[in-house]
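For reference, input-v3.tsv is printed below; it contains TSV, C-alpha atoms and all ligand atoms.
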```tsv
chain	number	residue	atom	x	y	z
K	1	MET	CA	0.00	0.00	0.00
K	2	ILE	CA	1.31	3.44	-0.91
K	3	LEU	CA	-0.26	6.43	0.83
K	4	VAL	CA	0.17	10.16	1.02
K	5	LEU	CA	-0.80	12.20	4.08
K	6	LEU	CA	-1.73	15.70	3.03
K	7	GLY	CA	-2.41	18.69	5.26
K	8	PRO	CA	-0.95	21.96	6.51
K	9	PRO	CA	1.96	22.07	8.96
K	10	GLY	CA	0.68	21.11	12.40
K	11	ALA	CA	-2.13	18.92	11.06
K	12	GLY	CA	-0.56	15.88	12.73
K	13	LYS	CA	0.80	14.14	9.61
K	14	GLY	CA	3.98	12.93	11.33
K	15	THR	CA	2.12	11.60	14.38
K	16	GLN	CA	-0.47	9.78	12.29
K	17	ALA	CA	2.10	8.45	9.79
K	18	ASN	CA	4.11	7.04	12.68
K	19	LEU	CA	1.11	5.22	14.17
K	20	LEU	CA	-0.02	3.91	10.78
K	21	ALA	CA	3.45	2.71	9.86
K	22	LYS	CA	3.57	0.59	13.03
K	23	LYS	CA	0.07	-0.79	12.62
K	24	ARG	CA	0.36	-1.69	8.94
K	25	SER	CA	4.09	-2.43	8.64
K	26	LEU	CA	4.63	0.45	6.26
K	27	VAL	CA	7.75	2.57	5.89
K	28	GLN	CA	7.26	6.23	6.82
K	29	LEU	CA	8.98	8.56	4.38
K	30	SER	CA	9.18	12.15	5.58
K	31	THR	CA	11.05	14.59	3.36
K	32	GLY	CA	11.16	17.00	6.34
K	33	ASP	CA	13.00	14.37	8.42
K	34	MET	CA	15.34	13.56	5.52
K	35	LEU	CA	16.15	17.24	5.03
K	36	ARG	CA	16.68	17.80	8.77
K	37	ALA	CA	19.08	14.83	8.81
K	38	ALA	CA	21.01	16.39	5.89
K	39	VAL	CA	21.12	19.72	7.76
K	40	ALA	CA	22.38	18.02	10.94
K	41	ALA	CA	25.02	16.11	8.95
K	42	GLY	CA	26.17	19.36	7.30
K	43	THR	CA	26.09	17.90	3.78
K	44	PRO	CA	26.11	20.35	0.81
K	45	LEU	CA	22.41	19.59	0.30
K	46	GLY	CA	21.77	20.20	3.99
K	47	ARG	CA	23.53	23.56	3.89
K	48	LYS	CA	21.46	24.66	0.91
K	49	ALA	CA	18.17	23.35	2.31
K	50	GLY	CA	18.75	24.60	5.87
K	51	ALA	CA	18.55	28.28	4.97
K	52	ILE	CA	15.35	27.74	2.98
K	53	MET	CA	13.74	25.72	5.78
K	54	GLU	CA	14.57	28.42	8.32
K	55	ARG	CA	12.56	30.85	6.22
K	56	GLY	CA	9.62	28.44	6.06
K	57	GLU	CA	9.82	28.19	2.27
K	58	LEU	CA	9.82	25.07	0.13
K	59	VAL	CA	13.07	23.42	-0.91
K	60	PRO	CA	13.33	23.15	-4.75
K	61	ASP	CA	11.34	20.34	-6.35
K	62	ASP	CA	14.36	18.63	-7.94
K	63	VAL	CA	16.04	18.29	-4.54
K	64	VAL	CA	13.13	16.58	-2.78
K	65	ILE	CA	12.17	14.51	-5.84
K	66	GLY	CA	15.79	13.26	-5.92
K	67	LEU	CA	15.63	12.34	-2.22
K	68	ILE	CA	12.40	10.39	-2.68
K	69	ALA	CA	13.60	8.65	-5.86
K	70	GLU	CA	16.72	7.46	-4.06
K	71	ARG	CA	14.68	6.30	-1.09
K	72	LEU	CA	12.17	4.36	-3.19
K	73	ASP	CA	15.06	2.32	-4.56
K	74	GLN	CA	16.08	1.03	-1.14
K	75	LYS	CA	14.57	-2.39	-0.71
K	76	ASP	CA	13.03	-2.05	2.73
K	77	SER	CA	9.50	-1.03	1.84
K	78	GLY	CA	7.81	-3.82	3.82
K	79	GLY	CA	4.12	-3.54	3.04
K	80	GLY	CA	4.58	-0.20	1.30
K	81	TYR	CA	5.08	3.48	2.12
K	82	ILE	CA	3.44	6.40	3.84
K	83	LEU	CA	4.62	9.66	2.39
K	84	ASP	CA	4.44	12.42	4.97
K	85	GLY	CA	5.24	15.93	3.72
K	86	PHE	CA	5.72	14.87	0.10
K	87	PRO	CA	4.45	15.79	-2.46
K	88	ARG	CA	4.00	19.48	-1.71
K	89	THR	CA	3.67	20.91	-5.24
K	90	ILE	CA	1.91	19.78	-8.41
K	91	ALA	CA	5.34	19.16	-10.01
K	92	GLN	CA	6.24	16.85	-7.10
K	93	ALA	CA	2.90	15.02	-7.40
K	94	GLU	CA	3.45	14.46	-11.11
K	95	ALA	CA	7.00	13.29	-10.47
K	96	LEU	CA	5.72	10.87	-7.83
K	97	ASP	CA	3.16	9.38	-10.23
K	98	HIS	CA	5.98	8.93	-12.72
K	99	LEU	CA	8.45	7.42	-10.22
K	100	LEU	CA	5.85	4.92	-9.05
K	101	ALA	CA	4.79	4.01	-12.60
K	102	GLU	CA	8.46	3.38	-13.48
K	103	ARG	CA	8.59	0.97	-10.56
K	104	GLY	CA	5.40	-0.80	-11.69
K	105	THR	CA	3.26	0.53	-8.85
K	106	THR	CA	0.83	3.31	-8.07
K	107	LEU	CA	-0.45	5.49	-5.26
K	108	ASP	CA	-3.41	3.88	-3.48
K	109	LYS	CA	-4.90	6.71	-1.44
K	110	VAL	CA	-4.32	10.26	-0.29
K	111	ILE	CA	-5.57	11.18	3.16
K	112	GLU	CA	-6.35	14.86	3.58
K	113	MET	CA	-6.18	15.96	7.22
K	114	LYS	CA	-8.60	18.83	7.65
K	115	VAL	CA	-7.76	21.27	10.43
K	116	ASP	CA	-8.88	24.60	11.73
K	117	ASP	CA	-6.32	27.23	10.70
K	118	ASP	CA	-6.45	29.16	13.97
K	119	ALA	CA	-5.41	26.08	15.93
K	120	LEU	CA	-2.35	25.41	13.80
K	121	VAL	CA	-0.05	28.10	15.12
K	122	GLU	CA	-0.83	27.11	18.72
K	123	ARG	CA	-0.31	23.46	17.90
K	124	ILE	CA	3.03	24.00	16.19
K	125	THR	CA	4.62	26.57	18.47
K	126	GLY	CA	3.93	24.38	21.53
K	127	ARG	CA	5.45	21.18	20.26
K	128	PHE	CA	8.73	19.62	21.33
K	129	ALA	CA	10.22	16.14	21.30
K	130	CYS	CA	12.55	13.88	23.24
K	131	ALA	CA	16.07	14.37	21.90
K	132	LYS	CA	16.82	10.67	22.30
K	133	CYS	CA	13.77	8.66	21.16
K	134	GLY	CA	11.78	11.33	19.30
K	135	GLU	CA	8.60	10.95	21.38
K	136	GLY	CA	6.47	14.03	20.70
K	137	TYR	CA	5.12	16.39	23.40
K	138	HIS	CA	3.22	19.66	23.62
K	139	ASP	CA	3.33	22.56	26.10
K	140	LEU	CA	-0.47	22.62	26.40
K	141	TYR	CA	-1.73	19.19	25.39
K	142	LYS	CA	0.88	16.60	26.27
K	143	LEU	CA	3.54	17.30	28.86
K	144	PRO	CA	5.72	14.41	30.11
K	145	LYS	CA	4.07	12.66	33.09
K	146	ARG	CA	7.13	13.48	35.22
K	147	ALA	CA	8.29	17.02	34.49
K	148	GLY	CA	11.42	17.03	32.35
K	149	VAL	CA	11.61	13.24	31.91
K	150	CYS	CA	10.61	11.45	28.72
K	151	ASP	CA	7.70	9.02	29.29
K	152	ARG	CA	9.05	6.57	26.76
K	153	CYS	CA	12.83	6.41	27.33
K	154	GLY	CA	13.57	8.39	30.52
K	155	SER	CA	15.83	10.90	28.77
K	156	THR	CA	15.92	14.42	30.20
K	157	GLU	CA	16.84	16.16	26.95
K	158	PHE	CA	14.23	17.68	24.69
K	159	VAL	CA	14.41	19.53	21.40
K	160	ARG	CA	12.27	22.01	19.50
K	161	ARG	CA	12.39	22.41	15.74
K	162	LYS	CA	14.05	25.63	14.68
K	163	ASP	CA	11.20	26.39	12.26
K	164	ASP	CA	8.43	25.90	14.87
K	165	ASN	CA	8.24	29.58	15.83
K	166	GLU	CA	5.33	31.85	14.98
K	167	GLU	CA	6.98	33.90	12.23
K	168	VAL	CA	8.26	30.86	10.33
K	169	VAL	CA	5.01	28.96	10.92
K	170	ARG	CA	3.11	31.76	9.17
K	171	ALA	CA	5.47	31.48	6.18
K	172	ARG	CA	5.02	27.70	6.14
K	173	LEU	CA	1.25	28.08	6.15
K	174	LYS	CA	1.49	30.57	3.29
K	175	ALA	CA	3.60	28.08	1.29
K	176	TYR	CA	1.04	25.36	2.04
K	177	TYR	CA	-1.94	27.35	0.77
K	178	ALA	CA	-0.13	28.66	-2.30
K	179	GLN	CA	1.70	25.53	-3.39
K	180	THR	CA	0.36	22.43	-1.67
K	181	GLU	CA	-3.40	22.93	-1.34
K	182	PRO	CA	-3.88	22.60	-5.14
K	183	LEU	CA	-2.92	18.93	-4.70
K	184	ILE	CA	-6.34	18.33	-3.14
K	185	GLY	CA	-8.00	18.92	-6.51
K	186	HIS	CA	-5.31	16.90	-8.30
K	187	TYR	CA	-5.97	13.82	-6.16
K	188	ARG	CA	-9.73	14.32	-6.07
K	189	LYS	CA	-9.70	14.10	-9.87
K	190	GLN	CA	-7.76	10.83	-9.60
K	191	GLY	CA	-10.46	9.51	-7.22
K	192	LYS	CA	-7.84	8.86	-4.52
K	193	LEU	CA	-8.65	11.59	-2.02
K	194	ARG	CA	-10.22	10.78	1.36
K	195	ALA	CA	-10.68	13.53	3.98
K	196	VAL	CA	-10.58	13.06	7.75
K	197	ASP	CA	-11.14	15.51	10.61
K	198	GLY	CA	-7.63	16.27	11.89
K	199	MET	CA	-8.92	18.27	14.87
K	200	ALA	CA	-10.14	15.20	16.76
K	201	ASP	CA	-8.18	13.30	19.40
K	202	ILE	CA	-5.08	11.47	18.05
K	203	ASN	CA	-6.66	8.01	18.43
K	204	LEU	CA	-9.90	9.07	16.75
K	205	VAL	CA	-8.01	10.54	13.81
K	206	GLN	CA	-6.09	7.27	13.50
K	207	LYS	CA	-9.36	5.33	13.54
K	208	ALA	CA	-10.84	7.55	10.82
K	209	ILE	CA	-7.74	7.10	8.65
K	210	ASN	CA	-7.88	3.33	9.03
K	211	GLN	CA	-11.56	3.36	8.13
K	212	ALA	CA	-10.83	5.44	5.04
K	213	LEU	CA	-8.11	2.99	4.02
K	214	ASP	CA	-10.30	-0.05	4.53
K	215	THR	CA	-13.23	1.34	2.56
K	216	PRO	CA	-12.91	1.17	-1.25
C	301	LIG	P1	8.03	19.28	7.51
C	301	LIG	O1	8.83	18.54	8.51
C	301	LIG	O2	7.29	18.37	6.57
C	301	LIG	O3	7.13	20.34	8.12
C	301	LIG	O4	9.07	20.08	6.60
C	301	LIG	C1	9.93	21.08	7.13
C	301	LIG	C2	10.49	21.94	6.01
C	301	LIG	O5	11.25	21.13	5.10
C	301	LIG	C3	9.45	22.62	5.12
C	301	LIG	O6	9.00	23.84	5.68
C	301	LIG	C4	10.24	22.82	3.83
C	301	LIG	O7	11.14	23.89	3.93
C	301	LIG	C5	11.07	21.54	3.75
C	301	LIG	N1	10.35	20.45	3.03
C	301	LIG	C6	9.93	19.26	3.54
C	301	LIG	N2	9.32	18.51	2.60
C	301	LIG	C7	9.35	19.24	1.47
C	301	LIG	C8	8.86	19.05	0.15
C	301	LIG	N3	8.20	17.92	-0.19
C	301	LIG	N4	9.06	20.04	-0.77
C	301	LIG	C9	9.72	21.16	-0.46
C	301	LIG	N5	10.19	21.43	0.77
C	301	LIG	C10	10.01	20.49	1.73
```

What is this structure when it is put down as structure tokens?
Ligand code: AMP
Amino acid sequence: MILVLLGPPGAGKGTQANLLAKKRSLVQLSTGDMLRAAVAAGTPLGRKAGAIMERGELVPDDVVIGLIAERLDQKDSGGGYILDGFPRTIAQAEALDHLLAERGTTLDKVIEMKVDDDALVERITGRFACAKCGEGYHDLYKLPKRAGVCDRCGSTEFVRRKDDNEEVVRARLKAYYAQTEPLIGHYRKQGKLRAVDGMADINLVQKAINQALDTP
């Protein structure tokens, strides 16, 4: 099964992709995570992408398409892929269709996570994660049970994404509405789009996504 999770920053794509990947033995492919790894490693690509990401703009299509193409050729797909944060432009969506066709496969479904715009900034600016295991937290909605200690691994170090501040979030939302939202129409035309309410509780959203995947 090959899926795309579509929605603005803060919609919960990463959280839901992570849960789905575990449940359905799928590989989660996040271009944001790949780019952040390149930034952390200080590769030439990372240096170029880092500055763009800090402004909340989109990295050029050829760069992310190249990353995904390379990744699709690694033979660890298990039961398939969940693409989280890719595609983000019509050119990327067309390239994805092409890459999959070349590999004799096709996209099964696109899940659109619908969220209330006003909630997004609050959701994003409050989020942080364990530096060691990546468990996600939020200043308002999900603090560690013991202050300063990760529930999952016991680490006491936490990180916040550099681009999760209000000014950059606004730029990221602008990029989403200008460049990514048109993908909704693209996938609706292909008959692959299914929408879920992304404002509900994490487990309810997961249930709705699974229902959408299990219904033809
Ligand atoms: P994300 O973790 O998906 O929110 O992505 C963080 C940042 O990485 C975005 O604001 C973009 O600058 C960049 N990025 C991630 N995925 C893509 C993509 N598919 N196309 C262009 N830029 C991307």

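Between CA of Leu58 in chain K and CA of Ala119 in chain K lies a distance of 22.0 Å.
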
Nearest to Glu181 in chain K by atom-to-atom distance, counting all atoms listed in the file, from K:Arg103, K:Arg161, K:Lys114, K:Arg194: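 Under the stated criterion, the closest residue is K:Lys114.
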
Could you give me the residues within 9 Å of ligand LIG 301 (chain C), counting all atoms listed in the file, as a count of residues only? 46

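Going from CA of Leu183 in chain K to CA of Leu99 in chain K covers 17.1 Å.
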
Could you pull the residues within 12 Å of range 71-80 of chain K, counting only C-alpha atoms, minus those fewer than 3 positions along the same chain, as a PyMOL selection string? chain K and resi 1-4+20-31+34+64-68+83+96+99-103+105-108

So the first atom is CA of Asn18 in chain K and the second is CA of Gly154 in chain K; what is the distance between them in Å, to one decimal place?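 Answer for the CA of Asn18 in chain K to CA of Gly154 in chain K separation: 20.2 Å.
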
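When only C-alpha atoms are used to compute distances to Leu193 in chain K, the closest of the residues K:Val205, K:Ile111, K:Cys150, K:Val39 turns out to be K:Ile111.
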
Skip Ala131 in chain K itself and residues of its chain fewer than 5 positions away, then list as a PyMOL selection string all residues within 8 Å of it, counting only C-alpha atoms. chain K and resi 155+157-159

Restricting the calculation to only C-alpha atoms, which member of K:Asp151, K:Arg170, K:Arg123, K:Glu112 is positioned closest to Pro182 in chain K?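 Closest residue, counting only C-alpha atoms: K:Glu112.
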
Please, what is the axis-aligned box for every listed atom of range 50-67 of chain K with 5 Å on each side, as centre and edge lengths in Å to one decimal, as lines of an AutoDock Vina configuration file?
```
center_x = 14.2
center_y = 21.6
center_z = 0.2
size_x = 19.1
size_y = 28.5
size_z = 26.3
```

Calculated over all atoms listed in the file, which of the candidates K:Ala41, K:Ala69, K:Val115, K:Ile82 has the smallest distance to Asp97 in chain K? K:Ala69

Proximity to Ala129 in chain K - best of K:Val196, K:Leu45, K:Val149, K:Met113, only C-alpha atoms: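 The closest residue to Ala129 in chain K is K:Val149.
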
Set the distance at 10 Å and use all atoms listed in the file: which residues neighbour Leu140 in chain K once local chain neighbours fewer than 6 positions away are removed? I'd like the list as a PyMOL selection string. chain K and resi 122-123+126-127
